[in-house]
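Undergrad: Below is the file query.cif, with mmCIF, C-alpha atoms, pLDDT in the B column; chains and numbers go by the auth columns.
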data_query
loop_
_atom_site.group_PDB
_atom_site.id
_atom_site.type_symbol
_atom_site.label_atom_id
_atom_site.label_comp_id
_atom_site.label_asym_id
_atom_site.label_seq_id
_atom_site.Cartn_x
_atom_site.Cartn_y
_atom_site.Cartn_z
_atom_site.B_iso_or_equiv
_atom_site.auth_seq_id
_atom_site.auth_asym_id
ATOM 1 C CA ALA A 1 86.057 110.925 84.696 72.00 891 P
ATOM 2 C CA GLN A 2 89.242 109.102 85.450 78.00 892 P
ATOM 3 C CA SER A 3 89.920 107.128 88.586 85.00 893 P
ATOM 4 C CA VAL A 4 92.461 104.746 90.035 92.00 894 P
ATOM 5 C CA THR A 5 91.899 101.910 92.482 95.00 895 P
ATOM 6 C CA GLN A 6 94.767 100.297 94.313 96.00 896 P
ATOM 7 C CA LEU A 7 93.825 96.978 95.868 93.00 897 P
ATOM 8 C CA GLY A 8 95.332 96.544 99.293 91.00 898 P
ATOM 9 C CA SER A 9 96.391 99.489 101.414 93.00 899 P
ATOM 10 C CA HIS A 10 99.144 97.378 102.936 96.00 900 P
ATOM 11 C CA VAL A 11 101.162 94.529 101.422 97.00 901 P
ATOM 12 C CA SER A 12 103.790 92.549 103.313 97.00 902 P
ATOM 13 C CA VAL A 13 106.341 90.274 101.630 97.00 903 P
ATOM 14 C CA SER A 14 109.493 88.484 102.698 97.00 904 P
ATOM 15 C CA GLU A 15 112.864 89.593 101.399 97.00 905 P
ATOM 16 C CA GLY A 16 113.496 87.800 98.103 97.00 906 P
ATOM 17 C CA ALA A 17 109.814 87.173 97.419 97.00 907 P
ATOM 18 C CA LEU A 18 107.781 88.455 94.498 97.00 908 P
ATOM 19 C CA VAL A 19 106.273 91.912 94.882 98.00 909 P
ATOM 20 C CA LEU A 20 102.856 92.451 93.278 98.00 910 P
ATOM 21 C CA LEU A 21 101.025 95.735 93.793 98.00 911 P
ATOM 22 C CA ARG A 22 97.668 96.008 92.067 97.00 912 P
ATOM 23 C CA CYS A 23 96.256 98.989 90.211 97.00 913 P
ATOM 24 C CA ASN A 24 93.067 99.256 88.172 96.00 914 P
ATOM 25 C CA TYR A 25 92.072 102.389 86.322 93.00 915 P
ATOM 26 C CA SER A 26 89.057 103.920 84.728 88.00 916 P
ATOM 27 C CA SER A 27 89.449 106.323 81.836 79.00 917 P
ATOM 28 C CA SER A 28 87.301 107.468 78.930 73.00 918 P
ATOM 29 C CA VAL A 29 90.371 108.055 76.758 72.00 919 P
ATOM 30 C CA PRO A 30 93.547 106.023 76.314 73.00 920 P
ATOM 31 C CA PRO A 31 95.360 106.738 79.538 81.00 921 P
ATOM 32 C CA TYR A 32 98.860 107.590 80.544 85.00 922 P
ATOM 33 C CA LEU A 33 99.670 105.537 83.652 90.00 923 P
ATOM 34 C CA PHE A 34 102.341 106.009 86.274 92.00 924 P
ATOM 35 C CA TRP A 35 103.768 104.373 89.360 95.00 925 P
ATOM 36 C CA TYR A 36 105.400 106.570 91.971 94.00 926 P
ATOM 37 C CA VAL A 37 107.226 105.605 95.173 96.00 927 P
ATOM 38 C CA GLN A 38 107.322 107.644 98.363 94.00 928 P
ATOM 39 C CA TYR A 39 109.828 106.966 101.126 92.00 929 P
ATOM 40 C CA PRO A 40 109.034 108.280 104.629 86.00 930 P
ATOM 41 C CA ASN A 41 109.072 112.091 104.843 79.00 931 P
ATOM 42 C CA GLN A 42 110.004 112.407 101.192 84.00 932 P
ATOM 43 C CA GLY A 43 108.357 113.536 97.976 87.00 933 P
ATOM 44 C CA LEU A 44 107.323 111.199 95.182 91.00 934 P
ATOM 45 C CA GLN A 45 109.759 109.567 92.777 92.00 935 P
ATOM 46 C CA LEU A 46 108.680 108.239 89.407 91.00 936 P
ATOM 47 C CA LEU A 47 109.234 104.492 89.087 94.00 937 P
ATOM 48 C CA LEU A 48 107.853 104.017 85.579 93.00 938 P
ATOM 49 C CA LYS A 49 105.253 105.246 83.131 89.00 939 P
ATOM 50 C CA TYR A 50 103.082 103.900 80.315 88.00 940 P
ATOM 51 C CA THR A 51 102.469 106.292 77.438 81.00 941 P
ATOM 52 C CA SER A 52 100.922 103.993 74.798 76.00 942 P
ATOM 53 C CA ALA A 53 104.150 102.445 73.557 75.00 943 P
ATOM 54 C CA ALA A 54 105.165 98.970 74.776 84.00 944 P
ATOM 55 C CA THR A 55 102.642 97.396 77.138 88.00 945 P
ATOM 56 C CA LEU A 56 105.381 95.991 79.387 94.00 946 P
ATOM 57 C CA VAL A 57 107.182 98.899 80.986 93.00 947 P
ATOM 58 C CA LYS A 58 110.455 98.580 82.839 95.00 948 P
ATOM 59 C CA GLY A 59 111.305 101.091 85.524 94.00 949 P
ATOM 60 C CA ILE A 60 113.967 101.836 88.053 93.00 950 P
ATOM 61 C CA ASN A 61 115.082 99.572 90.909 93.00 951 P
ATOM 62 C CA GLY A 62 114.036 96.403 89.057 96.00 952 P
ATOM 63 C CA PHE A 63 110.308 97.213 88.943 97.00 953 P
ATOM 64 C CA GLU A 64 108.106 96.668 85.921 97.00 954 P
ATOM 65 C CA ALA A 65 104.426 96.988 85.101 97.00 955 P
ATOM 66 C CA GLU A 66 102.198 95.599 82.377 94.00 956 P
ATOM 67 C CA PHE A 67 99.378 97.564 80.804 93.00 957 P
ATOM 68 C CA LYS A 68 96.379 95.291 80.172 93.00 958 P
ATOM 69 C CA LYS A 69 93.619 97.167 78.412 89.00 959 P
ATOM 70 C CA SER A 70 91.137 94.279 78.610 90.00 960 P
ATOM 71 C CA GLU A 71 91.513 94.176 82.387 92.00 961 P
ATOM 72 C CA THR A 72 92.014 97.963 82.808 92.00 962 P
ATOM 73 C CA SER A 73 94.984 97.091 84.974 95.00 963 P
ATOM 74 C CA PHE A 74 98.527 98.317 85.434 96.00 964 P
ATOM 75 C CA HIS A 75 99.975 96.102 88.190 97.00 965 P
ATOM 76 C CA LEU A 76 103.489 96.704 89.496 98.00 966 P
ATOM 77 C CA THR A 77 105.838 93.765 90.004 98.00 967 P
ATOM 78 C CA LYS A 78 109.366 93.026 91.123 98.00 968 P
ATOM 79 C CA PRO A 79 110.757 89.466 91.076 97.00 969 P
ATOM 80 C CA SER A 80 112.699 89.716 94.331 97.00 970 P
ATOM 81 C CA ALA A 81 111.988 92.176 97.127 97.00 971 P
ATOM 82 C CA HIS A 82 114.757 94.026 98.953 96.00 972 P
ATOM 83 C CA MET A 83 114.520 95.631 102.365 96.00 973 P
ATOM 84 C CA SER A 84 115.106 98.982 100.676 95.00 974 P
ATOM 85 C CA ASP A 85 111.831 98.563 98.719 96.00 975 P
ATOM 86 C CA ALA A 86 109.802 99.250 101.854 96.00 976 P
ATOM 87 C CA ALA A 87 107.872 102.415 101.015 96.00 977 P
ATOM 88 C CA GLU A 88 104.471 103.615 99.853 96.00 978 P
ATOM 89 C CA TYR A 89 103.597 103.145 96.207 97.00 979 P
ATOM 90 C CA PHE A 90 101.100 105.204 94.255 95.00 980 P
ATOM 91 C CA CYS A 91 99.491 104.434 90.934 95.00 981 P
ATOM 92 C CA ALA A 92 98.310 107.450 88.916 91.00 982 P
ATOM 93 C CA VAL A 93 96.458 108.152 85.682 88.00 983 P
ATOM 94 C CA SER A 94 96.462 111.161 83.386 81.00 984 P
ATOM 95 C CA ASP A 95 94.781 112.051 80.123 64.00 985 P
ATOM 96 C CA LEU A 96 97.273 114.797 79.478 56.00 986 P
ATOM 97 C CA GLY A 97 98.604 113.219 76.319 48.00 987 P
ATOM 98 C CA TYR A 98 95.258 113.506 74.598 47.00 988 P
ATOM 99 C CA GLY A 99 94.678 117.175 75.153 47.00 989 P
ATOM 100 C CA GLY A 100 92.948 116.586 78.424 46.00 990 P
ATOM 101 C CA SER A 101 92.101 119.719 80.289 45.00 991 P
ATOM 102 C CA GLN A 102 92.890 118.386 83.708 48.00 992 P
ATOM 103 C CA GLY A 103 96.606 118.845 83.593 54.00 993 P
ATOM 104 C CA ASN A 104 96.961 116.802 86.680 70.00 994 P
ATOM 105 C CA LEU A 105 97.498 113.284 87.895 82.00 995 P
ATOM 106 C CA ILE A 106 94.740 111.310 89.559 85.00 996 P
ATOM 107 C CA PHE A 107 96.327 109.172 92.255 90.00 997 P
ATOM 108 C CA GLY A 108 95.218 105.985 93.914 92.00 998 P
ATOM 109 C CA LYS A 109 95.161 105.888 97.711 92.00 999 P
ATOM 110 C CA GLY A 110 98.534 104.186 97.858 94.00 1000 P
ATOM 111 C CA THR A 111 99.853 100.808 99.005 96.00 1001 P
ATOM 112 C CA LYS A 112 102.363 100.543 101.814 96.00 1002 P
ATOM 113 C CA LEU A 113 104.878 97.800 101.131 97.00 1003 P
ATOM 114 C CA SER A 114 106.594 96.141 104.077 97.00 1004 P
ATOM 115 C CA VAL A 115 109.528 93.789 103.529 97.00 1005 P
ATOM 116 C CA LYS A 116 110.295 91.219 106.227 96.00 1006 P
ATOM 117 C CA PRO A 117 113.840 89.909 106.695 94.00 1007 P
ATOM 118 C CA GLU B 1 120.821 119.923 88.132 66.00 87 Y
ATOM 119 C CA ALA B 2 118.683 121.023 91.057 80.00 88 Y
ATOM 120 C CA GLY B 3 115.350 119.313 91.496 92.00 89 Y
ATOM 121 C CA VAL B 4 112.080 120.852 92.625 95.00 90 Y
ATOM 122 C CA THR B 5 112.677 122.753 95.846 97.00 91 Y
ATOM 123 C CA GLN B 6 110.035 123.658 98.381 97.00 92 Y
ATOM 124 C CA SER B 7 110.212 125.952 101.373 97.00 93 Y
ATOM 125 C CA PRO B 8 109.818 125.840 104.233 97.00 94 Y
ATOM 126 C CA THR B 9 110.100 122.130 105.010 96.00 95 Y
ATOM 127 C CA HIS B 10 107.979 122.519 108.108 97.00 96 Y
ATOM 128 C CA LEU B 11 105.449 125.179 109.033 97.00 97 Y
ATOM 129 C CA ILE B 12 103.385 125.479 112.194 98.00 98 Y
ATOM 130 C CA LYS B 13 100.454 127.878 112.191 98.00 99 Y
ATOM 131 C CA THR B 14 97.527 128.663 114.433 98.00 100 Y
ATOM 132 C CA ARG B 15 93.943 128.153 113.295 98.00 101 Y
ATOM 133 C CA GLY B 16 92.693 131.212 111.437 98.00 102 Y
ATOM 134 C CA GLN B 17 96.139 132.345 110.302 98.00 103 Y
ATOM 135 C CA GLN B 18 97.452 132.363 106.750 98.00 104 Y
ATOM 136 C CA ALA B 19 100.182 130.107 105.385 98.00 105 Y
ATOM 137 C CA THR B 20 102.398 130.706 102.366 98.00 106 Y
ATOM 138 C CA LEU B 21 104.254 127.821 100.780 98.00 107 Y
ATOM 139 C CA ARG B 22 106.837 128.250 98.041 98.00 108 Y
ATOM 140 C CA CYS B 23 108.014 126.091 95.172 98.00 109 Y
ATOM 141 C CA SER B 24 110.861 126.448 92.696 98.00 110 Y
ATOM 142 C CA PRO B 25 110.504 124.179 89.677 96.00 111 Y
ATOM 143 C CA ILE B 26 113.307 122.498 87.828 95.00 112 Y
ATOM 144 C CA SER B 27 115.081 124.971 85.568 94.00 113 Y
ATOM 145 C CA GLY B 28 113.258 125.190 82.229 91.00 114 Y
ATOM 146 C CA HIS B 29 109.997 123.728 83.524 91.00 115 Y
ATOM 147 C CA THR B 30 106.964 125.939 82.968 90.00 116 Y
ATOM 148 C CA SER B 31 104.204 123.883 84.617 90.00 117 Y
ATOM 149 C CA VAL B 32 103.792 123.665 88.381 92.00 118 Y
ATOM 150 C CA TYR B 33 101.298 121.474 90.234 92.00 119 Y
ATOM 151 C CA TRP B 34 100.282 121.520 93.891 95.00 120 Y
ATOM 152 C CA TYR B 35 98.950 118.496 95.756 94.00 121 Y
ATOM 153 C CA GLN B 36 97.724 117.975 99.298 95.00 122 Y
ATOM 154 C CA GLN B 37 98.566 114.725 101.050 93.00 123 Y
ATOM 155 C CA ALA B 38 96.485 114.528 104.188 92.00 124 Y
ATOM 156 C CA LEU B 39 96.422 111.537 106.509 86.00 125 Y
ATOM 157 C CA GLY B 40 93.879 109.051 105.307 80.00 126 Y
ATOM 158 C CA LEU B 41 92.903 111.073 102.230 82.00 127 Y
ATOM 159 C CA GLY B 42 95.749 110.259 99.875 85.00 128 Y
ATOM 160 C CA LEU B 43 97.114 112.685 97.314 88.00 129 Y
ATOM 161 C CA GLN B 44 94.647 115.246 96.096 90.00 130 Y
ATOM 162 C CA PHE B 45 95.201 117.689 93.252 88.00 131 Y
ATOM 163 C CA LEU B 46 95.012 121.333 94.306 93.00 132 Y
ATOM 164 C CA LEU B 47 96.211 123.650 91.558 92.00 133 Y
ATOM 165 C CA TRP B 48 97.984 123.680 88.200 90.00 134 Y
ATOM 166 C CA TYR B 49 99.879 126.695 86.873 92.00 135 Y
ATOM 167 C CA ASP B 50 101.410 126.952 83.441 89.00 136 Y
ATOM 168 C CA GLU B 51 103.110 129.965 81.875 89.00 137 Y
ATOM 169 C CA GLY B 52 101.881 132.157 84.715 92.00 138 Y
ATOM 170 C CA GLU B 53 98.222 131.204 84.377 92.00 139 Y
ATOM 171 C CA GLU B 54 96.038 129.035 86.578 91.00 140 Y
ATOM 172 C CA ARG B 55 94.980 126.182 84.270 87.00 141 Y
ATOM 173 C CA ASN B 56 92.942 124.071 86.627 85.00 142 Y
ATOM 174 C CA ARG B 57 92.082 123.629 90.273 88.00 143 Y
ATOM 175 C CA GLY B 58 90.881 120.708 92.309 87.00 144 Y
ATOM 176 C CA ASN B 59 87.898 120.492 94.590 89.00 145 Y
ATOM 177 C CA PHE B 60 89.180 122.848 97.298 95.00 146 Y
ATOM 178 C CA PRO B 61 87.603 126.001 98.749 96.00 147 Y
ATOM 179 C CA PRO B 62 88.658 129.454 97.501 96.00 148 Y
ATOM 180 C CA ARG B 63 90.789 130.064 100.584 97.00 149 Y
ATOM 181 C CA PHE B 64 93.339 127.857 98.812 98.00 150 Y
ATOM 182 C CA SER B 65 94.935 130.051 96.177 97.00 151 Y
ATOM 183 C CA GLY B 66 98.250 130.650 94.553 96.00 152 Y
ATOM 184 C CA ARG B 67 100.168 132.190 91.761 97.00 153 Y
ATOM 185 C CA GLN B 68 103.046 131.577 89.416 97.00 154 Y
ATOM 186 C CA PHE B 69 105.736 134.181 88.938 97.00 155 Y
ATOM 187 C CA PRO B 70 107.515 135.152 85.691 96.00 156 Y
ATOM 188 C CA ASN B 71 110.436 132.904 86.673 95.00 157 Y
ATOM 189 C CA TYR B 72 107.895 130.018 86.951 96.00 158 Y
ATOM 190 C CA SER B 73 108.278 129.652 90.712 97.00 159 Y
ATOM 191 C CA SER B 74 105.001 129.376 92.546 98.00 160 Y
ATOM 192 C CA GLU B 75 103.327 130.206 95.826 98.00 161 Y
ATOM 193 C CA LEU B 76 100.459 128.428 97.510 98.00 162 Y
ATOM 194 C CA ASN B 77 98.461 130.497 99.976 98.00 163 Y
ATOM 195 C CA VAL B 78 96.035 129.027 102.456 98.00 164 Y
ATOM 196 C CA ASN B 79 93.875 131.574 104.262 98.00 165 Y
ATOM 197 C CA ALA B 80 91.802 131.137 107.411 98.00 166 Y
ATOM 198 C CA LEU B 81 93.613 127.940 108.323 98.00 167 Y
ATOM 199 C CA GLU B 82 91.599 125.077 109.721 97.00 168 Y
ATOM 200 C CA LEU B 83 92.873 122.091 111.694 97.00 169 Y
ATOM 201 C CA GLU B 84 92.094 119.767 108.779 95.00 170 Y
ATOM 202 C CA ASP B 85 94.482 121.723 106.550 97.00 171 Y
ATOM 203 C CA SER B 86 97.318 119.971 108.358 97.00 172 Y
ATOM 204 C CA ALA B 87 99.009 117.908 105.663 96.00 173 Y
ATOM 205 C CA LEU B 88 102.066 117.449 103.490 95.00 174 Y
ATOM 206 C CA TYR B 89 101.855 119.825 100.536 97.00 175 Y
ATOM 207 C CA LEU B 90 103.727 118.601 97.497 95.00 176 Y
ATOM 208 C CA CYS B 91 104.767 120.652 94.523 95.00 177 Y
ATOM 209 C CA ALA B 92 105.650 119.111 91.171 92.00 178 Y
ATOM 210 C CA SER B 93 106.897 120.555 87.916 91.00 179 Y
ATOM 211 C CA SER B 94 106.945 119.416 84.320 87.00 180 Y
ATOM 212 C CA LEU B 95 108.663 120.670 81.192 83.00 181 Y
ATOM 213 C CA ALA B 96 105.419 121.879 79.636 73.00 182 Y
ATOM 214 C CA SER B 97 101.687 121.481 79.983 65.00 183 Y
ATOM 215 C CA TRP B 98 101.714 118.493 77.656 63.00 184 Y
ATOM 216 C CA SER B 99 104.608 116.688 79.321 66.00 185 Y
ATOM 217 C CA THR B 100 104.015 113.168 80.515 66.00 186 Y
ATOM 218 C CA GLU B 101 106.286 113.295 83.542 79.00 187 Y
ATOM 219 C CA ALA B 102 106.106 115.418 86.666 85.00 188 Y
ATOM 220 C CA PHE B 103 108.955 115.734 89.155 89.00 189 Y
ATOM 221 C CA PHE B 104 108.071 116.184 92.806 92.00 190 Y
ATOM 222 C CA GLY B 105 109.668 118.197 95.571 94.00 191 Y
ATOM 223 C CA GLN B 106 110.127 116.952 99.136 94.00 192 Y
ATOM 224 C CA GLY B 107 107.061 118.779 100.362 95.00 193 Y
ATOM 225 C CA THR B 108 106.144 121.233 103.092 96.00 194 Y
ATOM 226 C CA ARG B 109 104.659 119.758 106.237 96.00 195 Y
ATOM 227 C CA LEU B 110 101.984 122.191 107.446 97.00 196 Y
ATOM 228 C CA THR B 111 100.689 121.724 110.965 97.00 197 Y
ATOM 229 C CA VAL B 112 97.720 123.786 112.144 98.00 198 Y
ATOM 230 C CA VAL B 113 97.242 123.950 115.899 97.00 199 Y
#
Go through the file and emit its structure as structure tokens.
TA:
Amino acid sequence: AQSVTQLGSHVSVSEGALVLLRCNYSSSVPPYLFWYVQYPNQGLQLLLKYTSAATLVKGINGFEAEFKKSETSFHLTKPSAHMSDAAEYFCAVSDLGYGGSQGNLIFGKGTKLSVKP
Amino acid sequence: EAGVTQSPTHLIKTRGQQATLRCSPISGHTSVYWYQQALGLGLQFLLWYDEGEERNRGNFPPRFSGRQFPNYSSELNVNALELEDSALYLCASSLASWSTEAFFGQGTRLTVV
């Protein structure tokens, strides 16, 4: 069974500081991994995805994530936080690419990012 | 191009009633997914429809059901509403069952009183 653990339900950084949101996964097959962002009262927007190509994935809004198989991690980073980055971030895993029968994403519990001026 | 649209945006129902939530996928997308986002419980997978068939369902009771129409739009029905069904219900669509990217709608906020 697949699962996702996001360390830290709430992360607070100062504007201009490094953003690091942690995600560890468990999967019996090579996973597809995703980061989504949710602004208040909105749906989810895809930030980036790993689908077994390059291990360093660049996404929108200056975010990137590195797939580390040995650590079963897919942490999200951004060099310099902006006020507009304040939102909730979800890491998700899927085995869809390998004929998995789930056909769905397994989400972590989310991390709320606050950005202080 | 229009994204995934959900209606209504807000819905208030009384305990024991039935709720119907609707989702229109992006044009050309054949797979539709439903998720429940309840306070404190995170995002939980509810149902997956593809080409009109239910492909998989999450760990929810049978009073959560739905269907997908020939135009690939979808309905989620929740019968015998309970207070704990209050949540944001998100619909997502993808190009096909094997696609690696799902696009989400804005959600329907269901409140059960």
Undergrad: Residues of chain P near chain Y: apply a cut-off of 6 Å, count all atoms listed in the file, and supply the list as a list in words.
TA: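 Using all atoms listed in the file, chain P residues at most 6 Å from chain Y: Gln932, Gly933, Leu934 and Lys999 of chain P.
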Undergrad: Apply the PyMOL selection byres ((chain Y and resi 157-169) around 7) to the displayed file and report the matching residues as an mmCIF file with C-alpha atoms, in the frame of the given file.
TA:
data_model
loop_
_atom_site.group_PDB
_atom_site.id
_atom_site.type_symbol
_atom_site.label_atom_id
_atom_site.label_comp_id
_atom_site.auth_asym_id
_atom_site.auth_seq_id
_atom_site.Cartn_x
_atom_site.Cartn_y
_atom_site.Cartn_z
ATOM 1 C CA ARG Y 101 93.943 128.153 113.295
ATOM 2 C CA GLY Y 102 92.693 131.212 111.437
ATOM 3 C CA GLN Y 103 96.139 132.345 110.302
ATOM 4 C CA GLN Y 104 97.452 132.363 106.750
ATOM 5 C CA ALA Y 105 100.182 130.107 105.385
ATOM 6 C CA THR Y 106 102.398 130.706 102.366
ATOM 7 C CA LEU Y 107 104.254 127.821 100.780
ATOM 8 C CA ARG Y 108 106.837 128.250 98.041
ATOM 9 C CA CYS Y 109 108.014 126.091 95.172
ATOM 10 C CA SER Y 110 110.861 126.448 92.696
ATOM 11 C CA PRO Y 111 110.504 124.179 89.677
ATOM 12 C CA THR Y 116 106.964 125.939 82.968
ATOM 13 C CA GLU Y 137 103.110 129.965 81.875
ATOM 14 C CA GLY Y 138 101.881 132.157 84.715
ATOM 15 C CA ARG Y 149 90.789 130.064 100.584
ATOM 16 C CA PHE Y 150 93.339 127.857 98.812
ATOM 17 C CA SER Y 151 94.935 130.051 96.177
ATOM 18 C CA GLY Y 152 98.250 130.650 94.553
ATOM 19 C CA ARG Y 153 100.168 132.190 91.761
ATOM 20 C CA GLN Y 154 103.046 131.577 89.416
ATOM 21 C CA PHE Y 155 105.736 134.181 88.938
ATOM 22 C CA PRO Y 156 107.515 135.152 85.691
ATOM 23 C CA GLU Y 170 92.094 119.767 108.779
ATOM 24 C CA ASP Y 171 94.482 121.723 106.550
ATOM 25 C CA SER Y 172 97.318 119.971 108.358
ATOM 26 C CA VAL Y 198 97.720 123.786 112.144
ATOM 27 C CA VAL Y 199 97.242 123.950 115.899
#
Undergrad: Quick check on the file I pasted: which residues fall under the PyMOL selection byres ((chain P and resi 950) around 12)? Write them as a PyMOL selection string.
TA: chain P and resi 925-927+935-939+947-949+951-955+966-968+975
Undergrad: What is the distance between CA of Thr962 (chain P) and CA of Ser916 (chain P), in Å to one decimal?
TA: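 The value is 6.9 Å.
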Undergrad: Quick check, in Å to one decimal: how far apart do CA of Pro930 (chain P) and CA of His972 (chain P) lie?
TA: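 According to the coordinates, CA of Pro930 (chain P) and CA of His972 (chain P) are separated by 16.4 Å.
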Undergrad: Is there a way to complete region 138-163 of chain Y with N, CA and C atoms and then write that out as a PDB file, in the coordinates of the input?
TA:
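In the end it all went to part15.pdb:
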ATOM      1  N   GLY Y 138     102.409 131.053  83.921  1.00 92.00           N
ATOM      2  CA  GLY Y 138     101.881 132.157  84.715  1.00 92.00           C
ATOM      3  C   GLY Y 138     100.375 132.163  84.914  1.00 92.00           C
ATOM      4  N   GLU Y 139      99.686 131.224  84.283  1.00 92.00           N
ATOM      5  CA  GLU Y 139      98.222 131.204  84.377  1.00 92.00           C
ATOM      6  C   GLU Y 139      97.755 130.004  85.190  1.00 92.00           C
ATOM      7  N   GLU Y 140      96.658 130.175  85.911  1.00 91.00           N
ATOM      8  CA  GLU Y 140      96.038 129.035  86.578  1.00 91.00           C
ATOM      9  C   GLU Y 140      95.253 128.265  85.519  1.00 91.00           C
ATOM     10  N   ARG Y 141      95.601 126.995  85.317  1.00 87.00           N
ATOM     11  CA  ARG Y 141      94.980 126.182  84.270  1.00 87.00           C
ATOM     12  C   ARG Y 141      93.847 125.319  84.816  1.00 87.00           C
ATOM     13  N   ASN Y 142      93.964 124.927  86.059  1.00 85.00           N
ATOM     14  CA  ASN Y 142      92.942 124.071  86.627  1.00 85.00           C
ATOM     15  C   ASN Y 142      93.098 124.044  88.141  1.00 85.00           C
ATOM     16  N   ARG Y 143      91.998 123.790  88.839  1.00 88.00           N
ATOM     17  CA  ARG Y 143      92.082 123.629  90.273  1.00 88.00           C
ATOM     18  C   ARG Y 143      91.232 122.456  90.692  1.00 88.00           C
ATOM     19  N   GLY Y 144      91.618 121.848  91.789  1.00 87.00           N
ATOM     20  CA  GLY Y 144      90.881 120.708  92.309  1.00 87.00           C
ATOM     21  C   GLY Y 144      89.711 121.167  93.146  1.00 87.00           C
ATOM     22  N   ASN Y 145      89.101 120.226  93.816  1.00 89.00           N
ATOM     23  CA  ASN Y 145      87.898 120.492  94.590  1.00 89.00           C
ATOM     24  C   ASN Y 145      88.264 121.015  95.983  1.00 89.00           C
ATOM     25  N   PHE Y 146      88.789 122.210  96.039  1.00 95.00           N
ATOM     26  CA  PHE Y 146      89.180 122.848  97.298  1.00 95.00           C
ATOM     27  C   PHE Y 146      88.515 124.220  97.382  1.00 95.00           C
ATOM     28  N   PRO Y 147      88.254 124.690  98.602  1.00 96.00           N
ATOM     29  CA  PRO Y 147      87.603 126.001  98.749  1.00 96.00           C
ATOM     30  C   PRO Y 147      88.508 127.133  98.283  1.00 96.00           C
ATOM     31  N   PRO Y 148      87.902 128.308  98.036  1.00 96.00           N
ATOM     32  CA  PRO Y 148      88.658 129.454  97.501  1.00 96.00           C
ATOM     33  C   PRO Y 148      89.759 129.965  98.423  1.00 96.00           C
ATOM     34  N   ARG Y 149      89.733 129.575  99.701  1.00 97.00           N
ATOM     35  CA  ARG Y 149      90.789 130.064 100.584  1.00 97.00           C
ATOM     36  C   ARG Y 149      92.142 129.403 100.246  1.00 97.00           C
ATOM     37  N   PHE Y 150      92.107 128.407  99.376  1.00 98.00           N
ATOM     38  CA  PHE Y 150      93.339 127.857  98.812  1.00 98.00           C
ATOM     39  C   PHE Y 150      93.564 128.583  97.487  1.00 98.00           C
ATOM     40  N   SER Y 151      94.650 129.319  97.417  1.00 97.00           N
ATOM     41  CA  SER Y 151      94.935 130.051  96.177  1.00 97.00           C
ATOM     42  C   SER Y 151      96.436 130.071  95.946  1.00 97.00           C
ATOM     43  N   GLY Y 152      96.824 130.584  94.819  1.00 96.00           N
ATOM     44  CA  GLY Y 152      98.250 130.650  94.553  1.00 96.00           C
ATOM     45  C   GLY Y 152      98.537 131.512  93.361  1.00 96.00           C
ATOM     46  N   ARG Y 153      99.774 131.477  92.964  1.00 97.00           N
ATOM     47  CA  ARG Y 153     100.168 132.190  91.761  1.00 97.00           C
ATOM     48  C   ARG Y 153     101.483 131.636  91.257  1.00 97.00           C
ATOM     49  N   GLN Y 154     101.771 131.958  90.005  1.00 97.00           N
ATOM     50  CA  GLN Y 154     103.046 131.577  89.416  1.00 97.00           C
ATOM     51  C   GLN Y 154     103.727 132.848  88.932  1.00 97.00           C
ATOM     52  N   PHE Y 155     104.965 132.981  89.251  1.00 97.00           N
ATOM     53  CA  PHE Y 155     105.736 134.181  88.938  1.00 97.00           C
ATOM     54  C   PHE Y 155     106.383 134.061  87.557  1.00 97.00           C
ATOM     55  N   PRO Y 156     106.881 135.194  87.019  1.00 96.00           N
ATOM     56  CA  PRO Y 156     107.515 135.152  85.691  1.00 96.00           C
ATOM     57  C   PRO Y 156     108.671 134.173  85.592  1.00 96.00           C
ATOM     58  N   ASN Y 157     109.336 133.881  86.716  1.00 95.00           N
ATOM     59  CA  ASN Y 157     110.436 132.904  86.673  1.00 95.00           C
ATOM     60  C   ASN Y 157     109.931 131.479  86.868  1.00 95.00           C
ATOM     61  N   TYR Y 158     108.600 131.304  86.856  1.00 96.00           N
ATOM     62  CA  TYR Y 158     107.895 130.018  86.951  1.00 96.00           C
ATOM     63  C   TYR Y 158     107.851 129.441  88.363  1.00 96.00           C
ATOM     64  N   SER Y 159     108.472 130.107  89.341  1.00 97.00           N
ATOM     65  CA  SER Y 159     108.278 129.652  90.712  1.00 97.00           C
ATOM     66  C   SER Y 159     106.827 129.914  91.106  1.00 97.00           C
ATOM     67  N   SER Y 160     106.421 129.299  92.195  1.00 98.00           N
ATOM     68  CA  SER Y 160     105.001 129.376  92.546  1.00 98.00           C
ATOM     69  C   SER Y 160     104.828 129.501  94.055  1.00 98.00           C
ATOM     70  N   GLU Y 161     103.724 130.079  94.424  1.00 98.00           N
ATOM     71  CA  GLU Y 161     103.327 130.206  95.826  1.00 98.00           C
ATOM     72  C   GLU Y 161     101.963 129.589  96.004  1.00 98.00           C
ATOM     73  N   LEU Y 162     101.778 128.904  97.117  1.00 98.00           N
ATOM     74  CA  LEU Y 162     100.459 128.428  97.510  1.00 98.00           C
ATOM     75  C   LEU Y 162     100.089 129.149  98.794  1.00 98.00           C
ATOM     76  N   ASN Y 163      98.945 129.797  98.795  1.00 98.00           N
ATOM     77  CA  ASN Y 163      98.461 130.497  99.976  1.00 98.00           C
ATOM     78  C   ASN Y 163      97.222 129.790 100.514  1.00 98.00           C
TER      79      ASN Y 163
END
